[in-house]
Amino acid sequence: MARRLLLLNGLAAACLPLFHAVVYGFQAMFLWTNQYRLVDVPNYDQLGSITYYIMLTIRQLSGFSIPAFLFVSGFFIAFLASGSNTHISKEAIFQRIRVLVIPFLIWTTILFILLMERPQSLEDLLRPYYYIPLIIQYYLLSPLLVPLARKNWKLLLLAVALLNILLQLAEYLTIFHLDVPGRAFLLRTTPIWFFPGRLFWFVFGFVVSQHLSEIKPWLIRYRRPLFVAMILFGIASVVEYAVVNQLATPGEWLGPNFTGFGRDFFSLAVLLVFIAYDKAKYPLKSQLTDLGIKSLGIYLVNTPAIFVISALIYHKLPWIMGQPILYQGLLFIFGLGVPLLLMSIIIKLPIIRPSYRFLFG
Amino acid sequence: MDNIEQQLKDFISQEFLGDKPGTVSASDNLIEDGIIDSLAILMLIKYIEDQFSVTIEPEDVTLDNFESVGTISRLIEKRNTQ
């Protein structure tokens, strides 16, 4: 199982630069079109093109990265609460938080320097690396979640799943400008970096790890339908986005923030399929496992790396933005390559090697 | 047993402590001392399975078994004899 989780983490880490790069691709397609064509912006000529749908598919399918990271972190909490341990030690939690806070501060500072901006609010500060504040909150909440999960894990899982569905519904209501009492309050109090929004994935990881022996035989029995469901949910996530885009903002781009139910169900199916096919052979297994080990560093560095290369292309080689597949390829290569290069340089140089943990966790 | 402990200490020192030999003892609490975290535990299991040709089952992955180099090497010994 440990090997599978590393592999899952590696796959998620490889998909993360894709997930981020596609947003720049959409911006180049719709908002920066005047850099490579004689048109006014925003320009939505390419909305609905084959390239647009390829990019939308990449965006929706690579969106399982953060759920996968949270799932693996849930596994660690199950480990801390395992065996004869009736509670999770505060020392273990605070040690883990300490390791996360320093890289978060360093890379948030670097990113805002690159953006030449000063965060105007807590939201501005926490949003770029929202996974770190999220995971810190989950670690802090875990001494409360563990007894709840021990008492009635099915009820806990159902409660956090319902919370997730409720937040998705609130997102739908906002997109369609439907004002239902409580909607604005719900969205205002659940920003992306605040714990309720993605609590399901952490609890799911924790519960699956604790009850693997009960859950796994069921998953293995239904693994073929699960695999089919994963494909169908993947398709549904693309269709859902396209339909919502068409209905809510006809002829314009909906933007990168809409998740939808399809992407969540797809992410869930990916995680279940990964457990169900525990003996399956995967291409690039050792490379992906290696990426899994470096996932936090990739998460931290890919955003500034993609920003820098996209800024260079925007100013110096804007014609590349008119070739979406080439543009995406370059952003992905830099988004994944720069973090790996930086990590390998720092680990190889004895003088700066001690800084590795502060920079990459 | 001593050999297993030494190999584990070397691996942990090299991978998680910036290659500082002698910085981890057999009884150090790897979790509470912040030496290993969620990814490190997965790396450690992979290393154990590769290096000592044993299979670590999901039910083996408990804090009791992975608390220190000493408890891990006892787990490896146990798995080796089965």
# chains A, B, ... in the order shown; residues from 1 in each chain; ligands from 1
>>> select_by_dssp(residues="chain B", states="helix (DSSP H, G or I)", output="MDAnalysis selection string")
chainID B and resid 2:16 38:52 58:60 63:66 69:81
>>> residues_around(residues="A:Lys285", least_positions_apart="6", cutoff="12 Å", atoms="only C-alpha atoms", output="list in words")
Arg3, Arg4, Leu5, Leu6, Leu7, Leu8, Asn9, Gly10, Leu11, Leu291 and Gly292 of chain A
>>> residues_around(residues="A:Ser310", least_positions_apart="6", cutoff="10 Å", atoms="only C-alpha atoms", output="list of chain:residue names")
A:Ala21, A:Tyr24, A:Gly25, A:Ala28, A:Pro304, A:Lys316, A:Leu317, A:Pro318, A:Ile320, A:Met321, A:Tyr327, A:Gln328, A:Leu330, A:Leu331, A:Phe334
>>> write_last_selection(atoms="C-alpha atoms", output="CSV table (one decimal), in the first residue's frame")
chain,number,residue,atom,x,y,z
A,21,ALA,CA,-0.2,25.4,-16.9
A,24,TYR,CA,-2.1,30.1,-18.4
A,25,GLY,CA,-3.1,28.4,-21.7
A,28,ALA,CA,-3.3,33.1,-23.6
A,304,PRO,CA,6.7,30.4,-9.7
A,316,LYS,CA,9.7,38.0,-25.7
A,317,LEU,CA,8.1,35.2,-27.7
A,318,PRO,CA,4.4,35.9,-27.8
A,320,ILE,CA,4.3,30.8,-28.9
A,321,MET,CA,1.0,31.6,-27.1
A,327,TYR,CA,2.8,26.6,-25.2
A,328,GLN,CA,1.3,24.0,-22.8
A,330,LEU,CA,6.8,24.3,-22.6
A,331,LEU,CA,4.9,25.4,-19.4
A,334,PHE,CA,9.4,24.1,-17.0
>>> closest_residue(among="A:Ala13, A:Leu47, A:Leu80, A:Ala68", to="chain B", atoms="only C-alpha atoms")
A:Leu80
>>> residues_around(residues="A:Ala161", least_positions_apart="2", cutoff="12 Å", atoms="only C-alpha atoms", output="PDB file with N, CA and C atoms, in the first residue's frame")
ATOM      1  N   LYS A 154     -18.486   5.681   9.169  1.00  0.00           N
ATOM      2  CA  LYS A 154     -19.408   5.834   8.032  1.00  0.00           C
ATOM      3  C   LYS A 154     -20.169   7.161   8.126  1.00  0.00           C
ATOM      4  N   LEU A 155     -20.585   7.475   9.352  1.00  0.00           N
ATOM      5  CA  LEU A 155     -21.326   8.719   9.572  1.00  0.00           C
ATOM      6  C   LEU A 155     -20.426   9.932   9.301  1.00  0.00           C
ATOM      7  N   LEU A 156     -19.180   9.848   9.774  1.00  0.00           N
ATOM      8  CA  LEU A 156     -18.233  10.953   9.545  1.00  0.00           C
ATOM      9  C   LEU A 156     -18.007  11.167   8.043  1.00  0.00           C
ATOM     10  N   LEU A 157     -17.799  10.057   7.345  1.00  0.00           N
ATOM     11  CA  LEU A 157     -17.558  10.148   5.899  1.00  0.00           C
ATOM     12  C   LEU A 157     -18.775  10.734   5.176  1.00  0.00           C
ATOM     13  N   LEU A 158     -19.956  10.294   5.600  1.00  0.00           N
ATOM     14  CA  LEU A 158     -21.195  10.816   5.007  1.00  0.00           C
ATOM     15  C   LEU A 158     -21.331  12.319   5.274  1.00  0.00           C
ATOM     16  N   ALA A 159     -21.015  12.724   6.503  1.00  0.00           N
ATOM     17  CA  ALA A 159     -21.137  14.145   6.873  1.00  0.00           C
ATOM     18  C   ALA A 159     -20.199  15.009   6.031  1.00  0.00           C
ATOM     19  N   LEU A 163     -21.099  17.830   3.173  1.00  0.00           N
ATOM     20  CA  LEU A 163     -20.532  19.186   3.237  1.00  0.00           C
ATOM     21  C   LEU A 163     -19.936  19.569   1.882  1.00  0.00           C
ATOM     22  N   ASN A 164     -19.230  18.615   1.284  1.00  0.00           N
ATOM     23  CA  ASN A 164     -18.622  18.839  -0.028  1.00  0.00           C
ATOM     24  C   ASN A 164     -19.691  19.121  -1.091  1.00  0.00           C
ATOM     25  N   ILE A 165     -20.763  18.343  -1.057  1.00  0.00           N
ATOM     26  CA  ILE A 165     -21.858  18.519  -2.021  1.00  0.00           C
ATOM     27  C   ILE A 165     -22.526  19.887  -1.817  1.00  0.00           C
ATOM     28  N   LEU A 166     -22.702  20.251  -0.551  1.00  0.00           N
ATOM     29  CA  LEU A 166     -23.320  21.544  -0.218  1.00  0.00           C
ATOM     30  C   LEU A 166     -22.492  22.702  -0.790  1.00  0.00           C
ATOM     31  N   LEU A 167     -21.181  22.603  -0.658  1.00  0.00           N
ATOM     32  CA  LEU A 167     -20.307  23.662  -1.175  1.00  0.00           C
ATOM     33  C   LEU A 167     -20.336  23.714  -2.701  1.00  0.00           C
ATOM     34  N   GLN A 168     -20.443  22.547  -3.316  1.00  0.00           N
ATOM     35  CA  GLN A 168     -20.562  22.515  -4.781  1.00  0.00           C
ATOM     36  C   GLN A 168     -21.867  23.168  -5.226  1.00  0.00           C
ATOM     37  N   PRO A 196     -13.215  23.482   5.566  1.00  0.00           N
ATOM     38  CA  PRO A 196     -14.389  22.697   5.165  1.00  0.00           C
ATOM     39  C   PRO A 196     -14.358  22.231   3.697  1.00  0.00           C
ATOM     40  N   GLY A 197     -13.803  23.091   2.825  1.00  0.00           N
ATOM     41  CA  GLY A 197     -13.890  22.851   1.385  1.00  0.00           C
ATOM     42  C   GLY A 197     -13.355  21.523   0.908  1.00  0.00           C
ATOM     43  N   ARG A 198     -12.257  21.074   1.465  1.00  0.00           N
ATOM     44  CA  ARG A 198     -11.651  19.835   0.978  1.00  0.00           C
ATOM     45  C   ARG A 198     -11.463  18.803   2.092  1.00  0.00           C
ATOM     46  N   LEU A 199     -12.221  18.984   3.146  1.00  0.00           N
ATOM     47  CA  LEU A 199     -12.107  18.082   4.300  1.00  0.00           C
ATOM     48  C   LEU A 199     -12.388  16.633   3.923  1.00  0.00           C
ATOM     49  N   PHE A 200     -13.294  16.455   2.963  1.00  0.00           N
ATOM     50  CA  PHE A 200     -13.677  15.099   2.564  1.00  0.00           C
ATOM     51  C   PHE A 200     -12.452  14.246   2.204  1.00  0.00           C
ATOM     52  N   TRP A 201     -11.519  14.835   1.426  1.00  0.00           N
ATOM     53  CA  TRP A 201     -10.401  14.044   0.898  1.00  0.00           C
ATOM     54  C   TRP A 201      -9.456  13.590   2.004  1.00  0.00           C
ATOM     55  N   PHE A 202      -9.260  14.441   2.971  1.00  0.00           N
ATOM     56  CA  PHE A 202      -8.389  14.101   4.097  1.00  0.00           C
ATOM     57  C   PHE A 202      -9.040  12.997   4.946  1.00  0.00           C
ATOM     58  N   VAL A 203     -10.322  13.202   5.265  1.00  0.00           N
ATOM     59  CA  VAL A 203     -11.047  12.206   6.076  1.00  0.00           C
ATOM     60  C   VAL A 203     -11.134  10.883   5.310  1.00  0.00           C
ATOM     61  N   PHE A 204     -11.345  10.979   4.006  1.00  0.00           N
ATOM     62  CA  PHE A 204     -11.441   9.782   3.173  1.00  0.00           C
ATOM     63  C   PHE A 204     -10.131   8.976   3.246  1.00  0.00           C
ATOM     64  N   PHE A 261     -19.334  18.839  -9.961  1.00  0.00           N
ATOM     65  CA  PHE A 261     -19.442  17.524  -9.316  1.00  0.00           C
ATOM     66  C   PHE A 261     -18.606  16.482 -10.049  1.00  0.00           C
ATOM     67  N   ASP A 264     -14.991  16.086  -8.917  1.00  0.00           N
ATOM     68  CA  ASP A 264     -14.890  15.449  -7.601  1.00  0.00           C
ATOM     69  C   ASP A 264     -15.135  13.944  -7.684  1.00  0.00           C
ATOM     70  N   PHE A 265     -16.172  13.571  -8.453  1.00  0.00           N
ATOM     71  CA  PHE A 265     -16.462  12.137  -8.593  1.00  0.00           C
ATOM     72  C   PHE A 265     -15.336  11.432  -9.361  1.00  0.00           C
ATOM     73  N   LEU A 268     -12.504  10.932  -6.913  1.00  0.00           N
ATOM     74  CA  LEU A 268     -12.854   9.840  -6.003  1.00  0.00           C
ATOM     75  C   LEU A 268     -12.633   8.485  -6.687  1.00  0.00           C
TER      76      LEU A 268
END
>>> interface_residues(of="chain B", to="chain A", cutoff="6 Å", atoms="only C-alpha atoms", output="list in words")
Gly18, Ile31, Glu32, Gly34, Ser38, Leu42, Thr62, Leu63 and Asp64 of chain B
>>> write_last_selection(atoms="C-alpha atoms", output="PDB file, in the first residue's frame")
ATOM      1  CA  GLY B  18      20.875  15.944   5.430  1.00  0.00           C
ATOM      2  CA  ILE B  31       7.835  10.899  14.626  1.00  0.00           C
ATOM      3  CA  GLU B  32       7.899  13.141  17.686  1.00  0.00           C
ATOM      4  CA  GLY B  34      10.143  15.337  13.428  1.00  0.00           C
ATOM      5  CA  SER B  38       3.956  11.353   5.713  1.00  0.00           C
ATOM      6  CA  LEU B  42       6.329   5.809   2.590  1.00  0.00           C
ATOM      7  CA  THR B  62       1.589   1.329  12.827  1.00  0.00           C
ATOM      8  CA  LEU B  63       3.228   3.871  15.055  1.00  0.00           C
ATOM      9  CA  ASP B  64       4.301   1.062  17.396  1.00  0.00           C
TER      10      ASP B  64
END
>>> residues_around(residues="B:Arg74", least_positions_apart="2", cutoff="12 Å", atoms="only C-alpha atoms", output="mmCIF file with all heavy atoms, in the first residue's frame")
data_model
loop_
_atom_site.group_PDB
_atom_site.id
_atom_site.type_symbol
_atom_site.label_atom_id
_atom_site.label_comp_id
_atom_site.auth_asym_id
_atom_site.auth_seq_id
_atom_site.Cartn_x
_atom_site.Cartn_y
_atom_site.Cartn_z
ATOM 1 N N MET B 1 20.786 -8.085 13.461
ATOM 2 C CA MET B 1 19.964 -7.003 14.047
ATOM 3 C C MET B 1 20.724 -5.679 14.036
ATOM 4 O O MET B 1 20.202 -4.655 13.598
ATOM 5 C CB MET B 1 19.575 -7.404 15.466
ATOM 6 C CG MET B 1 18.701 -6.383 16.172
ATOM 7 S SD MET B 1 16.965 -6.577 15.773
ATOM 8 C CE MET B 1 16.221 -5.584 17.019
ATOM 9 N N ASP B 2 22.007 -5.740 14.515
ATOM 10 C CA ASP B 2 22.838 -4.525 14.536
ATOM 11 C C ASP B 2 23.055 -3.989 13.128
ATOM 12 O O ASP B 2 23.066 -2.791 12.901
ATOM 13 C CB ASP B 2 24.191 -4.808 15.193
ATOM 14 C CG ASP B 2 24.052 -4.915 16.702
ATOM 15 O OD1 ASP B 2 22.957 -4.562 17.202
ATOM 16 O OD2 ASP B 2 24.989 -5.372 17.360
ATOM 17 N N ASN B 3 23.234 -4.960 12.201
ATOM 18 C CA ASN B 3 23.457 -4.570 10.809
ATOM 19 C C ASN B 3 22.207 -3.890 10.224
ATOM 20 O O ASN B 3 22.316 -2.880 9.524
ATOM 21 C CB ASN B 3 23.823 -5.828 10.006
ATOM 22 C CG ASN B 3 24.250 -5.475 8.607
ATOM 23 O OD1 ASN B 3 24.838 -4.418 8.384
ATOM 24 N ND2 ASN B 3 23.920 -6.336 7.665
ATOM 25 N N ILE B 4 21.055 -4.446 10.552
ATOM 26 C CA ILE B 4 19.801 -3.838 10.067
ATOM 27 C C ILE B 4 19.672 -2.429 10.635
ATOM 28 O O ILE B 4 19.367 -1.468 9.917
ATOM 29 C CB ILE B 4 18.578 -4.709 10.473
ATOM 30 C CG1 ILE B 4 18.601 -6.049 9.753
ATOM 31 C CG2 ILE B 4 17.266 -3.979 10.181
ATOM 32 C CD1 ILE B 4 17.530 -7.026 10.187
ATOM 33 N N GLU B 5 19.913 -2.316 11.942
ATOM 34 C CA GLU B 5 19.809 -0.992 12.596
ATOM 35 C C GLU B 5 20.742 0.010 11.934
ATOM 36 O O GLU B 5 20.364 1.148 11.678
ATOM 37 C CB GLU B 5 20.142 -1.109 14.084
ATOM 38 C CG GLU B 5 18.958 -1.578 14.910
ATOM 39 C CD GLU B 5 19.177 -1.434 16.406
ATOM 40 O OE1 GLU B 5 20.234 -0.890 16.813
ATOM 41 O OE2 GLU B 5 18.301 -1.876 17.147
ATOM 42 N N LEU B 8 19.483 1.071 8.564
ATOM 43 C CA LEU B 8 18.342 1.984 8.729
ATOM 44 C C LEU B 8 18.813 3.372 9.150
ATOM 45 O O LEU B 8 18.341 4.386 8.629
ATOM 46 C CB LEU B 8 17.372 1.434 9.782
ATOM 47 C CG LEU B 8 16.486 0.258 9.344
ATOM 48 C CD1 LEU B 8 15.769 -0.340 10.559
ATOM 49 C CD2 LEU B 8 15.464 0.695 8.305
ATOM 50 N N ALA B 26 19.137 4.350 17.979
ATOM 51 C CA ALA B 26 18.139 3.283 17.828
ATOM 52 C C ALA B 26 16.853 3.593 18.574
ATOM 53 O O ALA B 26 15.791 3.090 18.233
ATOM 54 C CB ALA B 26 18.724 1.963 18.308
ATOM 55 N N ASP B 60 0.964 -3.718 9.244
ATOM 56 C CA ASP B 60 2.264 -3.500 9.922
ATOM 57 C C ASP B 60 2.578 -2.015 10.092
ATOM 58 O O ASP B 60 3.440 -1.657 10.890
ATOM 59 C CB ASP B 60 3.415 -4.105 9.087
ATOM 60 C CG ASP B 60 3.360 -5.620 9.052
ATOM 61 O OD1 ASP B 60 2.880 -6.210 10.037
ATOM 62 O OD2 ASP B 60 3.800 -6.196 8.038
ATOM 63 N N ASP B 64 3.522 1.956 16.529
ATOM 64 C CA ASP B 64 4.301 1.062 17.396
ATOM 65 C C ASP B 64 5.486 0.458 16.635
ATOM 66 O O ASP B 64 6.581 0.338 17.173
ATOM 67 C CB ASP B 64 3.412 -0.080 17.931
ATOM 68 C CG ASP B 64 2.320 0.451 18.848
ATOM 69 O OD1 ASP B 64 2.502 1.561 19.373
ATOM 70 O OD2 ASP B 64 1.303 -0.236 19.025
ATOM 71 N N ASN B 65 5.242 0.082 15.372
ATOM 72 C CA ASN B 65 6.307 -0.552 14.584
ATOM 73 C C ASN B 65 7.310 0.441 14.008
ATOM 74 O O ASN B 65 8.442 0.076 13.727
ATOM 75 C CB ASN B 65 5.695 -1.345 13.419
ATOM 76 C CG ASN B 65 5.080 -2.649 13.877
ATOM 77 O OD1 ASN B 65 5.480 -3.211 14.899
ATOM 78 N ND2 ASN B 65 4.089 -3.125 13.155
ATOM 79 N N PHE B 66 6.880 1.681 13.816
ATOM 80 C CA PHE B 66 7.760 2.658 13.149
ATOM 81 C C PHE B 66 8.181 3.804 14.060
ATOM 82 O O PHE B 66 8.593 4.856 13.596
ATOM 83 C CB PHE B 66 7.082 3.204 11.887
ATOM 84 C CG PHE B 66 7.122 2.251 10.735
ATOM 85 C CD1 PHE B 66 6.193 1.228 10.626
ATOM 86 C CD2 PHE B 66 8.130 2.327 9.785
ATOM 87 C CE1 PHE B 66 6.244 0.317 9.584
ATOM 88 C CE2 PHE B 66 8.190 1.427 8.735
ATOM 89 C CZ PHE B 66 7.240 0.420 8.638
ATOM 90 N N GLU B 67 8.087 3.565 15.350
ATOM 91 C CA GLU B 67 8.402 4.634 16.306
ATOM 92 C C GLU B 67 9.889 4.989 16.305
ATOM 93 O O GLU B 67 10.273 6.141 16.435
ATOM 94 C CB GLU B 67 7.963 4.186 17.697
ATOM 95 C CG GLU B 67 7.917 5.313 18.695
ATOM 96 C CD GLU B 67 7.244 4.868 19.981
ATOM 97 O OE1 GLU B 67 7.502 3.724 20.412
ATOM 98 O OE2 GLU B 67 6.472 5.663 20.531
ATOM 99 N N SER B 68 10.736 3.966 16.171
ATOM 100 C CA SER B 68 12.189 4.207 16.241
ATOM 101 C C SER B 68 12.916 3.196 15.351
ATOM 102 O O SER B 68 12.304 2.234 14.851
ATOM 103 C CB SER B 68 12.668 4.037 17.685
ATOM 104 O OG SER B 68 12.498 2.692 18.081
ATOM 105 N N VAL B 69 14.208 3.418 15.179
ATOM 106 C CA VAL B 69 15.020 2.476 14.390
ATOM 107 C C VAL B 69 14.949 1.091 15.030
ATOM 108 O O VAL B 69 14.854 0.071 14.334
ATOM 109 C CB VAL B 69 16.489 2.987 14.313
ATOM 110 C CG1 VAL B 69 17.409 1.922 13.750
ATOM 111 C CG2 VAL B 69 16.557 4.245 13.450
ATOM 112 N N GLY B 70 14.935 1.049 16.354
ATOM 113 C CA GLY B 70 14.869 -0.223 17.077
ATOM 114 C C GLY B 70 13.590 -0.993 16.769
ATOM 115 O O GLY B 70 13.646 -2.199 16.463
ATOM 116 N N THR B 71 12.451 -0.296 16.816
ATOM 117 C CA THR B 71 11.175 -0.999 16.559
ATOM 118 C C THR B 71 11.067 -1.422 15.094
ATOM 119 O O THR B 71 10.538 -2.492 14.794
ATOM 120 C CB THR B 71 9.954 -0.121 16.936
ATOM 121 O OG1 THR B 71 9.996 1.085 16.175
ATOM 122 C CG2 THR B 71 9.916 0.203 18.417
ATOM 123 N N ILE B 72 11.616 -0.610 14.210
ATOM 124 C CA ILE B 72 11.568 -0.977 12.776
ATOM 125 C C ILE B 72 12.418 -2.217 12.531
ATOM 126 O O ILE B 72 12.001 -3.145 11.826
ATOM 127 C CB ILE B 72 12.042 0.181 11.864
ATOM 128 C CG1 ILE B 72 11.154 1.419 12.031
ATOM 129 C CG2 ILE B 72 12.024 -0.251 10.400
ATOM 130 C CD1 ILE B 72 11.696 2.684 11.372
ATOM 131 N N ILE B 76 11.411 -5.863 10.938
ATOM 132 C CA ILE B 76 12.092 -6.506 9.795
ATOM 133 C C ILE B 76 12.511 -7.927 10.182
ATOM 134 O O ILE B 76 12.322 -8.879 9.412
ATOM 135 C CB ILE B 76 13.305 -5.663 9.333
ATOM 136 C CG1 ILE B 76 12.823 -4.305 8.802
ATOM 137 C CG2 ILE B 76 14.103 -6.392 8.253
ATOM 138 C CD1 ILE B 76 13.933 -3.282 8.587
ATOM 139 N N GLU B 77 13.070 -8.069 11.379
ATOM 140 C CA GLU B 77 13.468 -9.399 11.878
ATOM 141 C C GLU B 77 12.273 -10.342 11.884
ATOM 142 O O GLU B 77 12.373 -11.482 11.439
ATOM 143 C CB GLU B 77 13.989 -9.266 13.322
ATOM 144 C CG GLU B 77 15.357 -8.608 13.399
ATOM 145 C CD GLU B 77 16.467 -9.620 13.218
ATOM 146 O OE1 GLU B 77 16.543 -10.551 14.028
ATOM 147 O OE2 GLU B 77 17.243 -9.478 12.248
ATOM 148 N N LYS B 78 11.154 -9.833 12.397
ATOM 149 C CA LYS B 78 9.934 -10.647 12.493
ATOM 150 C C LYS B 78 9.483 -11.088 11.106
ATOM 151 O O LYS B 78 9.165 -12.245 10.874
ATOM 152 C CB LYS B 78 8.832 -9.818 13.170
ATOM 153 C CG LYS B 78 7.691 -10.640 13.743
ATOM 154 C CD LYS B 78 6.764 -9.764 14.562
ATOM 155 C CE LYS B 78 5.512 -9.449 13.767
ATOM 156 N NZ LYS B 78 4.619 -8.511 14.438
ATOM 157 N N ARG B 79 9.498 -10.151 10.166
ATOM 158 C CA ARG B 79 9.065 -10.468 8.802
ATOM 159 C C ARG B 79 10.049 -11.414 8.106
ATOM 160 O O ARG B 79 9.646 -12.232 7.290
ATOM 161 C CB ARG B 79 8.923 -9.177 7.978
ATOM 162 C CG ARG B 79 7.688 -8.388 8.303
ATOM 163 C CD ARG B 79 6.458 -9.046 7.723
ATOM 164 N NE ARG B 79 5.250 -8.559 8.341
ATOM 165 C CZ ARG B 79 4.190 -9.309 8.607
ATOM 166 N NH1 ARG B 79 4.195 -10.591 8.327
ATOM 167 N NH2 ARG B 79 3.111 -8.800 9.149
ATOM 168 N N ASN B 80 11.326 -11.286 8.445
ATOM 169 C CA ASN B 80 12.352 -12.150 7.854
ATOM 170 C C ASN B 80 12.187 -13.594 8.277
ATOM 171 O O ASN B 80 12.480 -14.514 7.516
ATOM 172 C CB ASN B 80 13.748 -11.672 8.278
ATOM 173 C CG ASN B 80 14.377 -10.825 7.201
ATOM 174 O OD1 ASN B 80 14.091 -10.985 6.030
ATOM 175 N ND2 ASN B 80 15.229 -9.899 7.608
ATOM 176 N N THR B 81 11.737 -13.785 9.505
ATOM 177 C CA THR B 81 11.617 -15.152 10.017
ATOM 178 C C THR B 81 10.297 -15.807 9.620
ATOM 179 O O THR B 81 10.108 -16.986 9.838
ATOM 180 C CB THR B 81 11.733 -15.164 11.560
ATOM 181 O OG1 THR B 81 10.786 -14.226 12.086
ATOM 182 C CG2 THR B 81 13.134 -14.805 12.015
#
>>> atom_distance(atom1="atom CA of A:Leu140", atom2="atom CA of A:Gly205")
16.0 Å
>>> decode(residues="stretch 295-359 of chain A", atoms="C-alpha atoms", output="JSON list (two decimals), in the first residue's frame")
[["chain", "number", "residue", "atom", "x", "y", "z"],
["A", 295, "SER", "CA", 5.85, 16.07, -4.49],
["A", 296, "LEU", "CA", 5.95, 18.88, -1.93],
["A", 297, "GLY", "CA", 8.92, 20.51, -3.68],
["A", 298, "ILE", "CA", 7.14, 20.21, -7.04],
["A", 299, "TYR", "CA", 4.01, 21.74, -5.51],
["A", 300, "LEU", "CA", 5.96, 24.68, -4.10],
["A", 301, "VAL", "CA", 8.20, 25.49, -7.07],
["A", 302, "ASN", "CA", 5.99, 24.73, -10.11],
["A", 303, "THR", "CA", 3.84, 27.85, -9.67],
["A", 304, "PRO", "CA", 6.69, 30.44, -9.74],
["A", 305, "ALA", "CA", 8.46, 28.43, -12.48],
["A", 306, "ILE", "CA", 5.38, 28.47, -14.71],
["A", 307, "PHE", "CA", 4.81, 32.15, -13.96],
["A", 308, "VAL", "CA", 8.39, 33.09, -14.95],
["A", 309, "ILE", "CA", 8.39, 31.14, -18.22],
["A", 310, "SER", "CA", 4.92, 32.41, -19.15],
["A", 311, "ALA", "CA", 6.04, 36.01, -18.48],
["A", 312, "LEU", "CA", 9.12, 35.49, -20.66],
["A", 313, "ILE", "CA", 7.02, 34.06, -23.47],
["A", 314, "TYR", "CA", 4.44, 36.85, -23.12],
["A", 315, "HIS", "CA", 7.07, 39.58, -23.46],
["A", 316, "LYS", "CA", 9.73, 38.00, -25.70],
["A", 317, "LEU", "CA", 8.14, 35.21, -27.75],
["A", 318, "PRO", "CA", 4.38, 35.95, -27.83],
["A", 319, "TRP", "CA", 3.86, 33.91, -31.03],
["A", 320, "ILE", "CA", 4.28, 30.77, -28.90],
["A", 321, "MET", "CA", 1.01, 31.62, -27.13],
["A", 322, "GLY", "CA", -0.69, 31.26, -30.50],
["A", 323, "GLN", "CA", 0.45, 27.62, -30.59],
["A", 324, "PRO", "CA", -1.47, 26.30, -27.57],
["A", 325, "ILE", "CA", -0.06, 22.76, -27.58],
["A", 326, "LEU", "CA", 3.54, 24.00, -27.84],
["A", 327, "TYR", "CA", 2.83, 26.62, -25.16],
["A", 328, "GLN", "CA", 1.31, 24.01, -22.83],
["A", 329, "GLY", "CA", 4.22, 21.68, -23.45],
["A", 330, "LEU", "CA", 6.78, 24.35, -22.56],
["A", 331, "LEU", "CA", 4.92, 25.41, -19.42],
["A", 332, "PHE", "CA", 4.63, 21.79, -18.32],
["A", 333, "ILE", "CA", 8.31, 21.01, -18.98],
["A", 334, "PHE", "CA", 9.41, 24.06, -17.00],
["A", 335, "GLY", "CA", 6.76, 23.54, -14.32],
["A", 336, "LEU", "CA", 8.03, 20.06, -13.64],
["A", 337, "GLY", "CA", 11.66, 20.43, -14.70],
["A", 338, "VAL", "CA", 12.60, 23.55, -12.71],
["A", 339, "PRO", "CA", 11.54, 22.12, -9.31],
["A", 340, "LEU", "CA", 13.34, 18.83, -10.03],
["A", 341, "LEU", "CA", 16.48, 20.63, -11.21],
["A", 342, "LEU", "CA", 16.48, 22.95, -8.21],
["A", 343, "MET", "CA", 16.00, 20.06, -5.79],
["A", 344, "SER", "CA", 18.75, 17.98, -7.39],
["A", 345, "ILE", "CA", 21.21, 20.93, -7.36],
["A", 346, "ILE", "CA", 20.56, 21.69, -3.70],
["A", 347, "ILE", "CA", 20.79, 18.07, -2.61],
["A", 348, "LYS", "CA", 24.13, 17.65, -4.45],
["A", 349, "LEU", "CA", 25.86, 20.71, -3.04],
["A", 350, "PRO", "CA", 27.01, 20.04, 0.54],
["A", 351, "ILE", "CA", 27.16, 23.77, 1.41],
["A", 352, "ILE", "CA", 23.50, 24.42, 0.63],
["A", 353, "ARG", "CA", 22.18, 20.92, 1.31],
["A", 354, "PRO", "CA", 20.95, 21.78, 4.85],
["A", 355, "SER", "CA", 18.58, 24.33, 3.28],
["A", 356, "TYR", "CA", 16.73, 21.53, 1.41],
["A", 357, "ARG", "CA", 14.25, 20.86, 4.21],
["A", 358, "PHE", "CA", 13.50, 24.56, 4.67],
["A", 359, "LEU", "CA", 12.90, 25.01, 0.96]]
